[in-house]
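To start, the structure itself, in structure tokens.
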Amino acid sequence: MKVKQPLLIHICCGPCAAHPVQTLRAEYAITGFFFNPNIYPSTEFERRLKVVRDYLTEMNIPLIVPGQTHRLWLDRVKALVSEPEGGSRCAACFEYRLEATAGFARENGFPVFTTTLTTGPNKPAKVIFPIAGEIAGKHCVKFLPVDFKKKDGYKHSTRISKEKNMYRQNYCGCEFSMR
């Protein structure tokens with residue numbers, strides 16, 4: 001039996017994790033990483049975390065939930081609050097969360113990391129991949145660049161999340177995307 005390479009996967013929410021987890025688990029020993037201090041309010045954070053926790057438990061995949069402070073995330077994006085959804089505030093948010101993921105990967109022996117962010121139709125891989133690649137180099141780990149919305153990945157995630165009756169949020173997560 002082939003030993004699977006460890007992979008740390010940053011998970012933004014349960015529906016976006018459905019397809020990536022099912023796709024990658026055949027080749028990698030996946031560990032989920034739920035780092036999303038952008039999610040507001042705290043009740044929304046807890047709701048999304050529960051969905052992720054339930055799904056990964058069902059899939060027999062470990063989940064790491066590091067400490068996260070919404071205030072620190074706000075400090076990171078405060079100069080960008082008037083930016084439109086999908087603009088530079090979102091890129092700064094991706095960078096903040098992927099930086100934490102890559103740092104955890106390096107410190108805990110994960111040679112590779114990726115993110116479920118590219119599952120969502122409003123999260124362009126062309127923005128995420130360069131950010132993640134630069135961060136990976138800085139932390140001496142590899143980034144697995146998969147655009148999970150391709151090849152009907154988004155549709156697959158949607159189908160799985162509906163079949164499993166997952167909570168499907170109607171905004172990205174931060175208070176600015178609620179507008």
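Each chain in the structure tokens gets a letter, A, B and so on, in the order shown; residues start at 1 in every chain, and ligands are counted from 1 in the order they appear.
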Please tabulate, as JSON lines, the residues of segment 86-116 of chain A that come within 9 Å of segment 146-169 of chain A, each with its closest pair of atoms and the distance in Å to one decimal, counting only C-alpha atoms and ordering rows by chain, then residue number upward.
```
{"residue": "A:Thr114", "atom": "CA", "partner": "A:Val146", "partner_atom": "CA", "distance": 7.7}
{"residue": "A:Thr115", "atom": "CA", "partner": "A:Val146", "partner_atom": "CA", "distance": 8.3}
{"residue": "A:Thr116", "atom": "CA", "partner": "A:Phe148", "partner_atom": "CA", "distance": 7.1}
```
Got time to write the residues from that selection, N, CA and C atoms, as a PDB file, in the first residue's frame?
```pdb
ATOM      1  N   THR A 114      -3.043  23.477   0.456  1.00  0.00           N
ATOM      2  CA  THR A 114      -3.917  24.014  -0.578  1.00  0.00           C
ATOM      3  C   THR A 114      -5.087  24.691   0.121  1.00  0.00           C
ATOM      4  N   THR A 115      -6.052  25.161  -0.656  1.00  0.00           N
ATOM      5  CA  THR A 115      -7.208  25.855  -0.088  1.00  0.00           C
ATOM      6  C   THR A 115      -8.474  25.530  -0.865  1.00  0.00           C
ATOM      7  N   THR A 116      -9.577  25.502  -0.137  1.00  0.00           N
ATOM      8  CA  THR A 116     -10.882  25.294  -0.767  1.00  0.00           C
ATOM      9  C   THR A 116     -11.444  26.596  -1.326  1.00  0.00           C
TER      10      THR A 116
END
```
| task | Give the helix (DSSP H, G or I) residues of chain A, as DSSP finds them on the backbone, and put them as JSON, numbers by chain. | result | {"A": [14, 15, 16, 17, 18, 19, 20, 21, 22, 23, 24, 42, 43, 44, 45, 46, 47, 48, 49, 50, 51, 52, 53, 54, 55, 56, 57, 58, 70, 71, 72, 73, 74, 75, 76, 77, 78, 79, 80, 88, 89, 90, 91, 92, 93, 94, 95, 96, 97, 98, 99, 100, 101, 102, 103, 104, 105, 106, 107, 116, 117, 118, 119, 125, 126, 127, 128, 129, 130, 131, 132, 133, 134, 135, 136, 137, 138, 139, 153, 154, 155, 156, 157, 158, 159, 160, 161, 162, 163]}
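Excluding Lys142 of chain A itself and same-chain residues fewer than 6 positions from it, the residues having an atom within 9 Å of it are Ala102, Pro111, Val112, Phe113, Thr114, Gly133 and Ala136 of chain A, counting only C-alpha atoms.
Near segment 84-91 of chain A, within 10 Å and counting only C-alpha atoms, sit A:Arg76, A:Val77, A:Lys78, A:Ala79, A:Leu80, A:Glu95, A:Tyr96, A:Asn122, A:Lys123, A:Pro124, A:Val127, A:Ile128, A:Ile131, A:Cys172, A:Cys174, A:Phe176, A:Ser177, A:Met178, A:Arg179; same-chain residues fewer than 4 positions away were not included.
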Output the selection as a PDB file, in the first residue's frame - C-alpha atoms for each residue.
```pdb
ATOM      1  CA  ARG A  76      -5.146  43.781   8.406  1.00  0.00           C
ATOM      2  CA  VAL A  77      -7.935  44.990   6.086  1.00  0.00           C
ATOM      3  CA  LYS A  78      -8.971  48.290   7.722  1.00  0.00           C
ATOM      4  CA  ALA A  79      -7.476  50.447   4.971  1.00  0.00           C
ATOM      5  CA  LEU A  80      -9.443  48.456   2.395  1.00  0.00           C
ATOM      6  CA  GLU A  95      -3.213  36.401   1.995  1.00  0.00           C
ATOM      7  CA  TYR A  96      -3.861  36.621   5.735  1.00  0.00           C
ATOM      8  CA  ASN A 122     -16.360  34.454  -6.817  1.00  0.00           C
ATOM      9  CA  LYS A 123     -12.892  33.376  -5.665  1.00  0.00           C
ATOM     10  CA  PRO A 124     -10.628  33.543  -8.728  1.00  0.00           C
ATOM     11  CA  VAL A 127      -5.782  35.940  -7.703  1.00  0.00           C
ATOM     12  CA  ILE A 128      -5.310  33.161  -5.134  1.00  0.00           C
ATOM     13  CA  ILE A 131      -0.563  34.884  -3.370  1.00  0.00           C
ATOM     14  CA  CYS A 172     -18.485  35.391   1.821  1.00  0.00           C
ATOM     15  CA  CYS A 174     -16.939  39.202   6.489  1.00  0.00           C
ATOM     16  CA  PHE A 176     -18.249  43.947   4.359  1.00  0.00           C
ATOM     17  CA  SER A 177     -19.538  41.166   2.103  1.00  0.00           C
ATOM     18  CA  MET A 178     -22.894  41.262   3.916  1.00  0.00           C
ATOM     19  CA  ARG A 179     -23.677  44.568   2.205  1.00  0.00           C
TER      20      ARG A 179
END
```
| task | Please provide as JSON, numbers by chain all residues within 10 Å of Gly67 of chain A, with the sequence filter that same-chain residues fewer than 6 positions apart are discarded (counting only C-alpha atoms). | result | {"A": [34, 35, 36, 37]}
Which residues of segment 64-151 of chain A have any atom within 12 Å of an atom in segment 41-57 of chain A when counting only C-alpha atoms, and what is the closest pair of atoms for each, with the distance in Å to one decimal? Order the rows by chain and rising number and write it as a Markdown table.
```
| residue | atom | partner | partner_atom | distance |
| --- | --- | --- | --- | --- |
| A:Ile64 | CA | A:Arg53 | CA | 9.5 |
| A:Val65 | CA | A:Leu49 | CA | 8.7 |
| A:Pro66 | CA | A:Leu49 | CA | 11.8 |
| A:Gln68 | CA | A:Phe45 | CA | 10.7 |
| A:Thr69 | CA | A:Ser42 | CA | 10.4 |
| A:His70 | CA | A:Ser42 | CA | 8.9 |
| A:Arg71 | CA | A:Pro41 | CA | 11.8 |
| A:Thr116 | CA | A:Val52 | CA | 11.7 |
```
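Omitting Val21 of chain A and its sequence neighbours fewer than 3 positions away, and counting only C-alpha atoms, the residues within 9 Å are Ile9, Ala17, Ala18, Leu24, Arg25, Ile30, Gly32, Leu56, Met59, Ile61 and Thr116 of chain A.
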| message | Please determine, counting only C-alpha atoms, which residue among A:Val141, A:Ala125, A:Leu117, A:Cys93 has the shortest atom-to-atom distance to His19 of chain A. | response | A:Leu117
Within 9 Å of Gly103 of chain A using only C-alpha atoms, minus same-chain residues under 2 positions, as a PDB file with N, CA, C and O atoms, in the first residue's frame:
```pdb
ATOM      1  N   LEU A  98      -4.077  32.409   4.164  1.00  0.00           N
ATOM      2  CA  LEU A  98      -3.119  31.464   3.579  1.00  0.00           C
ATOM      3  C   LEU A  98      -1.752  31.556   4.248  1.00  0.00           C
ATOM      4  O   LEU A  98      -1.029  30.566   4.349  1.00  0.00           O
ATOM      5  N   GLU A  99      -1.399  32.738   4.724  1.00  0.00           N
ATOM      6  CA  GLU A  99      -0.152  32.912   5.488  1.00  0.00           C
ATOM      7  C   GLU A  99      -0.204  32.056   6.754  1.00  0.00           C
ATOM      8  O   GLU A  99       0.762  31.356   7.091  1.00  0.00           O
ATOM      9  N   ALA A 100      -1.320  32.088   7.443  1.00  0.00           N
ATOM     10  CA  ALA A 100      -1.472  31.272   8.652  1.00  0.00           C
ATOM     11  C   ALA A 100      -1.422  29.783   8.307  1.00  0.00           C
ATOM     12  O   ALA A 100      -0.822  28.985   9.030  1.00  0.00           O
ATOM     13  N   THR A 101      -2.032  29.423   7.194  1.00  0.00           N
ATOM     14  CA  THR A 101      -2.055  28.020   6.773  1.00  0.00           C
ATOM     15  C   THR A 101      -0.644  27.533   6.441  1.00  0.00           C
ATOM     16  O   THR A 101      -0.218  26.468   6.905  1.00  0.00           O
ATOM     17  N   ALA A 105       1.592  24.751   8.311  1.00  0.00           N
ATOM     18  CA  ALA A 105       2.102  23.609   7.541  1.00  0.00           C
ATOM     19  C   ALA A 105       3.592  23.420   7.809  1.00  0.00           C
ATOM     20  O   ALA A 105       4.043  22.318   8.123  1.00  0.00           O
ATOM     21  N   ARG A 106       4.351  24.486   7.700  1.00  0.00           N
ATOM     22  CA  ARG A 106       5.796  24.411   7.928  1.00  0.00           C
ATOM     23  C   ARG A 106       6.118  23.945   9.339  1.00  0.00           C
ATOM     24  O   ARG A 106       6.936  23.054   9.545  1.00  0.00           O
ATOM     25  N   GLU A 107       5.469  24.536  10.312  1.00  0.00           N
ATOM     26  CA  GLU A 107       5.763  24.236  11.715  1.00  0.00           C
ATOM     27  C   GLU A 107       5.341  22.827  12.129  1.00  0.00           C
ATOM     28  O   GLU A 107       5.830  22.314  13.133  1.00  0.00           O
ATOM     29  N   ASN A 108       4.447  22.203  11.360  1.00  0.00           N
ATOM     30  CA  ASN A 108       3.894  20.918  11.770  1.00  0.00           C
ATOM     31  C   ASN A 108       4.139  19.790  10.774  1.00  0.00           C
ATOM     32  O   ASN A 108       3.460  18.758  10.819  1.00  0.00           O
ATOM     33  N   ILE A 135       3.647  32.907  -0.719  1.00  0.00           N
ATOM     34  CA  ILE A 135       3.641  32.531   0.701  1.00  0.00           C
ATOM     35  C   ILE A 135       4.312  31.169   0.889  1.00  0.00           C
ATOM     36  O   ILE A 135       5.089  30.973   1.819  1.00  0.00           O
ATOM     37  N   ALA A 136       4.017  30.233   0.007  1.00  0.00           N
ATOM     38  CA  ALA A 136       4.612  28.893   0.090  1.00  0.00           C
ATOM     39  C   ALA A 136       6.140  28.982   0.034  1.00  0.00           C
ATOM     40  O   ALA A 136       6.835  28.350   0.827  1.00  0.00           O
ATOM     41  N   HIS A 139       7.659  30.183   3.220  1.00  0.00           N
ATOM     42  CA  HIS A 139       7.593  29.217   4.325  1.00  0.00           C
ATOM     43  C   HIS A 139       8.244  27.870   3.986  1.00  0.00           C
ATOM     44  O   HIS A 139       8.185  26.940   4.793  1.00  0.00           O
ATOM     45  N   VAL A 141       7.388  25.515   1.928  1.00  0.00           N
ATOM     46  CA  VAL A 141       6.431  24.433   1.705  1.00  0.00           C
ATOM     47  C   VAL A 141       5.908  24.595   0.277  1.00  0.00           C
ATOM     48  O   VAL A 141       6.157  25.611  -0.370  1.00  0.00           O
TER      49      VAL A 141
END
```
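Comparing A:Phe94, A:Phe110, A:Trp73, A:Tyr28 by their smallest distance to Cys140 of chain A, the closest is A:Phe110 (using only C-alpha atoms).
The coordinates place atom CA of Leu7 of chain A at 10.1 Å from atom CA of Phe33 of chain A.
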| Counting only C-alpha atoms, the option among A:Ile39, A:Cys16, A:Leu72, A:Ala132 closest to Glu175 of chain A | A:Ile39
| query | Between atom CA of Phe143 of chain A and atom CA of Pro6 of chain A, what is the spacing in Å? | reply | 12.3 Å
